[in-house]
Amino acid sequence: MALLEIEGLTRTFGGLRAVGDLSFNVGEQEVLGLIGPNGAGKTTVFNLITGYVQPSAGRIRLDGKSVVGLRPHAVARRGIARTFQIVKPFPGLTVKENVTLAAFLRHPARRDAEAFALDVLGRLGLGSRAGDLASQLTLLDQKRLELAKALATGPRLLLLDEPMGGLNPSEVDVASGMVEEIRRGGVTVILVEHVMKAIMRISDRVVVVNQGEKIAEGPPAQVVREPAVLAAYFGKRSA
């Protein structure tokens, strides 16, 4: 059985259909790339999965159990975490304090939460910055911090919303390596990303959406050559 099952997912805002009849599955420890042009509905899909927005129709199941109707904190308790396009640390708190707050979801005792936060920071290469204010971090390290906060909730499924955005090519390589390490640690990943180098490197499979609908699915190298995908990105018509 798939870890995550999306079936017929639809969300309308007034007369606008942001996501329409979308279906796909994600297997255990898979990295799934969710790609499409700007405005395709990718972030809305993340908002639907994590409870920030409720679907107009459709099913979302984790381990066979529905998460539709749950609030974001309840979805997080079920084992789904996410990052956002724009990094959102608490700038006046230290790096360790930022991650400790997330760790309280699984570790109510402060000592245990702090110990787990330090372990996560160490795995992501931020151990030496634990006492620094989050506002002092570079963009790459702020991205690491976002990952650390999400991982500190103990997820089985991690949704990454453009984690490579704003990074230079060498930093993209570092960030891609972090995603691969997270998967090796047993976490399933759905990755929304416009940096195709990263998508091609780390995705096992890709789902392409356009105007809220799935237009292609399969191995990255195959999907990027499909006429419907080329048309969505570059305006090329299918033969």
# chains A, B, ... in the order shown; residues from 1 in each chain; ligands from 1
$ select_by_dssp --residues "stretch 11-118 of chain A" --states "strand (DSSP E or B)" --output "PDB file with N, CA and C atoms, in the first residue's frame"
ATOM      1  N   ARG A  11     -10.156  21.516  -5.591  1.00  0.00           N
ATOM      2  CA  ARG A  11     -10.391  22.694  -4.757  1.00  0.00           C
ATOM      3  C   ARG A  11     -10.758  23.873  -5.642  1.00  0.00           C
ATOM      4  N   THR A  12     -11.910  24.465  -5.346  1.00  0.00           N
ATOM      5  CA  THR A  12     -12.343  25.651  -6.069  1.00  0.00           C
ATOM      6  C   THR A  12     -12.385  26.842  -5.118  1.00  0.00           C
ATOM      7  N   PHE A  13     -12.037  27.995  -5.644  1.00  0.00           N
ATOM      8  CA  PHE A  13     -12.131  29.259  -4.915  1.00  0.00           C
ATOM      9  C   PHE A  13     -13.083  30.149  -5.707  1.00  0.00           C
ATOM     10  N   LEU A  16     -13.062  29.815  -9.542  1.00  0.00           N
ATOM     11  CA  LEU A  16     -11.751  29.361 -10.008  1.00  0.00           C
ATOM     12  C   LEU A  16     -11.453  27.966  -9.470  1.00  0.00           C
ATOM     13  N   ARG A  17     -11.121  27.048 -10.366  1.00  0.00           N
ATOM     14  CA  ARG A  17     -10.729  25.706  -9.937  1.00  0.00           C
ATOM     15  C   ARG A  17      -9.201  25.659  -9.873  1.00  0.00           C
ATOM     16  N   ALA A  18      -8.655  25.695  -8.652  1.00  0.00           N
ATOM     17  CA  ALA A  18      -7.205  25.714  -8.461  1.00  0.00           C
ATOM     18  C   ALA A  18      -6.607  24.325  -8.618  1.00  0.00           C
ATOM     19  N   VAL A  19      -7.341  23.293  -8.198  1.00  0.00           N
ATOM     20  CA  VAL A  19      -6.924  21.898  -8.346  1.00  0.00           C
ATOM     21  C   VAL A  19      -8.135  21.123  -8.821  1.00  0.00           C
ATOM     22  N   GLY A  20      -7.949  20.283  -9.861  1.00  0.00           N
ATOM     23  CA  GLY A  20      -9.087  19.593 -10.430  1.00  0.00           C
ATOM     24  C   GLY A  20      -8.864  18.105 -10.625  1.00  0.00           C
ATOM     25  N   ASP A  21      -9.586  17.289  -9.870  1.00  0.00           N
ATOM     26  CA  ASP A  21      -9.619  15.836 -10.049  1.00  0.00           C
ATOM     27  C   ASP A  21      -8.205  15.240 -10.116  1.00  0.00           C
ATOM     28  N   LEU A  22      -7.368  15.632  -9.178  1.00  0.00           N
ATOM     29  CA  LEU A  22      -5.963  15.212  -9.165  1.00  0.00           C
ATOM     30  C   LEU A  22      -5.808  13.907  -8.385  1.00  0.00           C
ATOM     31  N   SER A  23      -5.099  12.955  -8.976  1.00  0.00           N
ATOM     32  CA  SER A  23      -4.855  11.665  -8.319  1.00  0.00           C
ATOM     33  C   SER A  23      -3.408  11.240  -8.504  1.00  0.00           C
ATOM     34  N   PHE A  24      -2.768  10.810  -7.427  1.00  0.00           N
ATOM     35  CA  PHE A  24      -1.454  10.180  -7.493  1.00  0.00           C
ATOM     36  C   PHE A  24      -1.157   9.544  -6.143  1.00  0.00           C
ATOM     37  N   ASN A  25      -0.226   8.603  -6.135  1.00  0.00           N
ATOM     38  CA  ASN A  25       0.212   7.932  -4.920  1.00  0.00           C
ATOM     39  C   ASN A  25       1.702   8.182  -4.695  1.00  0.00           C
ATOM     40  N   VAL A  26       2.131   8.049  -3.458  1.00  0.00           N
ATOM     41  CA  VAL A  26       3.546   8.165  -3.113  1.00  0.00           C
ATOM     42  C   VAL A  26       3.917   6.973  -2.243  1.00  0.00           C
ATOM     43  N   VAL A  31      11.079   9.687  -3.371  1.00  0.00           N
ATOM     44  CA  VAL A  31      11.127  11.130  -3.606  1.00  0.00           C
ATOM     45  C   VAL A  31      10.308  11.405  -4.864  1.00  0.00           C
ATOM     46  N   LEU A  32       9.186  12.079  -4.682  1.00  0.00           N
ATOM     47  CA  LEU A  32       8.305  12.403  -5.793  1.00  0.00           C
ATOM     48  C   LEU A  32       8.449  13.886  -6.115  1.00  0.00           C
ATOM     49  N   GLY A  33       8.781  14.205  -7.358  1.00  0.00           N
ATOM     50  CA  GLY A  33       8.816  15.583  -7.796  1.00  0.00           C
ATOM     51  C   GLY A  33       7.448  16.012  -8.273  1.00  0.00           C
ATOM     52  N   LEU A  34       6.945  17.125  -7.744  1.00  0.00           N
ATOM     53  CA  LEU A  34       5.666  17.695  -8.179  1.00  0.00           C
ATOM     54  C   LEU A  34       5.990  19.006  -8.882  1.00  0.00           C
ATOM     55  N   ILE A  35       5.887  19.009 -10.197  1.00  0.00           N
ATOM     56  CA  ILE A  35       6.356  20.167 -10.963  1.00  0.00           C
ATOM     57  C   ILE A  35       5.249  20.699 -11.873  1.00  0.00           C
ATOM     58  N   ALA A  57     -13.548  18.499  -2.962  1.00  0.00           N
ATOM     59  CA  ALA A  57     -13.891  17.096  -3.219  1.00  0.00           C
ATOM     60  C   ALA A  57     -12.592  16.295  -3.227  1.00  0.00           C
ATOM     61  N   GLY A  58     -12.739  14.983  -3.088  1.00  0.00           N
ATOM     62  CA  GLY A  58     -11.574  14.106  -3.187  1.00  0.00           C
ATOM     63  C   GLY A  58     -11.124  13.540  -1.855  1.00  0.00           C
ATOM     64  N   ARG A  59     -10.138  12.633  -1.944  1.00  0.00           N
ATOM     65  CA  ARG A  59      -9.637  11.919  -0.776  1.00  0.00           C
ATOM     66  C   ARG A  59      -8.131  12.118  -0.627  1.00  0.00           C
ATOM     67  N   ILE A  60      -7.693  12.215   0.635  1.00  0.00           N
ATOM     68  CA  ILE A  60      -6.267  12.255   0.974  1.00  0.00           C
ATOM     69  C   ILE A  60      -6.082  11.260   2.116  1.00  0.00           C
ATOM     70  N   ARG A  61      -5.311  10.205   1.846  1.00  0.00           N
ATOM     71  CA  ARG A  61      -5.126   9.174   2.865  1.00  0.00           C
ATOM     72  C   ARG A  61      -3.641   8.964   3.146  1.00  0.00           C
ATOM     73  N   LEU A  62      -3.317   8.895   4.417  1.00  0.00           N
ATOM     74  CA  LEU A  62      -1.971   8.541   4.871  1.00  0.00           C
ATOM     75  C   LEU A  62      -2.062   7.197   5.563  1.00  0.00           C
ATOM     76  N   LYS A  65      -5.569   5.957   6.013  1.00  0.00           N
ATOM     77  CA  LYS A  65      -6.495   6.695   6.876  1.00  0.00           C
ATOM     78  C   LYS A  65      -6.620   8.139   6.378  1.00  0.00           C
ATOM     79  N   SER A  66      -7.849   8.622   6.300  1.00  0.00           N
ATOM     80  CA  SER A  66      -8.107   9.957   5.777  1.00  0.00           C
ATOM     81  C   SER A  66      -7.548  11.036   6.695  1.00  0.00           C
ATOM     82  N   ILE A  80       2.892  14.196   8.843  1.00  0.00           N
ATOM     83  CA  ILE A  80       3.151  14.976   7.626  1.00  0.00           C
ATOM     84  C   ILE A  80       3.688  16.350   8.034  1.00  0.00           C
ATOM     85  N   ALA A  81       4.843  16.715   7.504  1.00  0.00           N
ATOM     86  CA  ALA A  81       5.437  18.035   7.759  1.00  0.00           C
ATOM     87  C   ALA A  81       5.726  18.714   6.437  1.00  0.00           C
ATOM     88  N   ARG A  82       5.927  20.045   6.495  1.00  0.00           N
ATOM     89  CA  ARG A  82       6.182  20.784   5.269  1.00  0.00           C
ATOM     90  C   ARG A  82       7.116  21.951   5.532  1.00  0.00           C
ATOM     91  N   THR A  94      17.228  31.652  18.950  1.00  0.00           N
ATOM     92  CA  THR A  94      18.405  30.957  18.438  1.00  0.00           C
ATOM     93  C   THR A  94      17.976  29.825  17.509  1.00  0.00           C
TER      94      THR A  94
END
$ select_by_dssp --residues "stretch 73-180 of chain A" --states "alpha helix (DSSP H)" --output "count of residues only"
54
$ closest_residue --among "A:Gly27, A:Phe116, A:Pro37, A:Val209" --to "A:Val195" --atoms "only C-alpha atoms"
A:Pro37
$ closest_residue --among "A:Pro227, A:Gly14, A:Gly154, A:Pro89" --to "A:Ala117" --atoms "only C-alpha atoms"
A:Gly154
$ closest_atom_pairs --of "stretch 131-209 of chain A" --to "stretch 44-54 of chain A" --cutoff "10 Å" --atoms "only C-alpha atoms" --output "CSV"
residue,atom,partner,partner_atom,distance
A:Leu159,CA,A:Phe46,CA,7.1
A:Leu160,CA,A:Phe46,CA,8.9
A:Asp161,CA,A:Phe46,CA,8.1
A:Ile190,CA,A:Phe46,CA,9.1
A:Leu191,CA,A:Phe46,CA,10.0
A:Val192,CA,A:Phe46,CA,9.0
$ write_last_selection --atoms "N, CA and C atoms" --output "PDB file, in the first residue's frame"
ATOM      1  N   LEU A 159       6.965  17.452   2.890  1.00  0.00           N
ATOM      2  CA  LEU A 159       6.628  18.219   1.698  1.00  0.00           C
ATOM      3  C   LEU A 159       7.550  19.430   1.629  1.00  0.00           C
ATOM      4  N   LEU A 160       8.353  19.510   0.583  1.00  0.00           N
ATOM      5  CA  LEU A 160       9.337  20.584   0.434  1.00  0.00           C
ATOM      6  C   LEU A 160       8.898  21.509  -0.694  1.00  0.00           C
ATOM      7  N   ASP A 161       8.617  22.772  -0.355  1.00  0.00           N
ATOM      8  CA  ASP A 161       8.114  23.738  -1.322  1.00  0.00           C
ATOM      9  C   ASP A 161       9.253  24.658  -1.767  1.00  0.00           C
ATOM     10  N   ILE A 190       7.943  14.688  -0.928  1.00  0.00           N
ATOM     11  CA  ILE A 190       7.355  15.276  -2.135  1.00  0.00           C
ATOM     12  C   ILE A 190       8.017  16.629  -2.311  1.00  0.00           C
ATOM     13  N   LEU A 191       8.571  16.847  -3.489  1.00  0.00           N
ATOM     14  CA  LEU A 191       9.400  18.015  -3.753  1.00  0.00           C
ATOM     15  C   LEU A 191       8.779  18.876  -4.844  1.00  0.00           C
ATOM     16  N   VAL A 192       8.381  20.095  -4.491  1.00  0.00           N
ATOM     17  CA  VAL A 192       8.007  21.099  -5.486  1.00  0.00           C
ATOM     18  C   VAL A 192       9.236  21.939  -5.767  1.00  0.00           C
TER      19      VAL A 192
END
$ atom_distance --atom1 "atom CA of A:Val87" --atom2 "atom CA of A:Asp204"
25.7 Å
$ residues_around --residues "A:Glu217" --least-positions-apart "5" --cutoff "7 Å" --atoms "only C-alpha atoms" --output "NGL selection string"
:A and (206-208 or 223)
$ write_last_selection --atoms "N, CA and C atoms" --output "compact mmCIF listing (two decimals), in the first residue's frame"
# COMPACT_ATOMS: atom_id res chain seq x y z
N VAL A 206 8.07 11.71 -11.22
CA VAL A 206 7.61 13.09 -11.32
C VAL A 206 6.14 13.11 -11.71
N VAL A 207 5.38 13.98 -11.04
CA VAL A 207 4.01 14.29 -11.44
C VAL A 207 4.01 15.74 -11.91
N VAL A 208 3.47 15.96 -13.12
CA VAL A 208 3.41 17.31 -13.68
C VAL A 208 1.97 17.79 -13.66
N VAL A 223 9.36 12.09 -18.54
CA VAL A 223 8.29 13.08 -18.43
C VAL A 223 8.67 14.40 -19.09
$ closest_residue --among "A:Gly64, A:Pro163, A:Pro155, A:Gly8" --to "A:Arg183" --atoms "only C-alpha atoms"
A:Pro155
$ atom_distance --atom1 "atom CA of A:Ala2" --atom2 "atom CA of A:Pro219"
17.4 Å
$ closest_atom_pairs --of "stretch 74-95 of chain A" --to "stretch 165-169 of chain A" --cutoff "12 Å" --atoms "only C-alpha atoms" --output "JSON lines"
{"residue": "A:Phe84", "atom": "CA", "partner": "A:Gly165", "partner_atom": "CA", "distance": 10.6}
{"residue": "A:Gln85", "atom": "CA", "partner": "A:Gly165", "partner_atom": "CA", "distance": 7.5}
{"residue": "A:Ile86", "atom": "CA", "partner": "A:Gly165", "partner_atom": "CA", "distance": 8.8}
{"residue": "A:Val87", "atom": "CA", "partner": "A:Gly165", "partner_atom": "CA", "distance": 10.2}
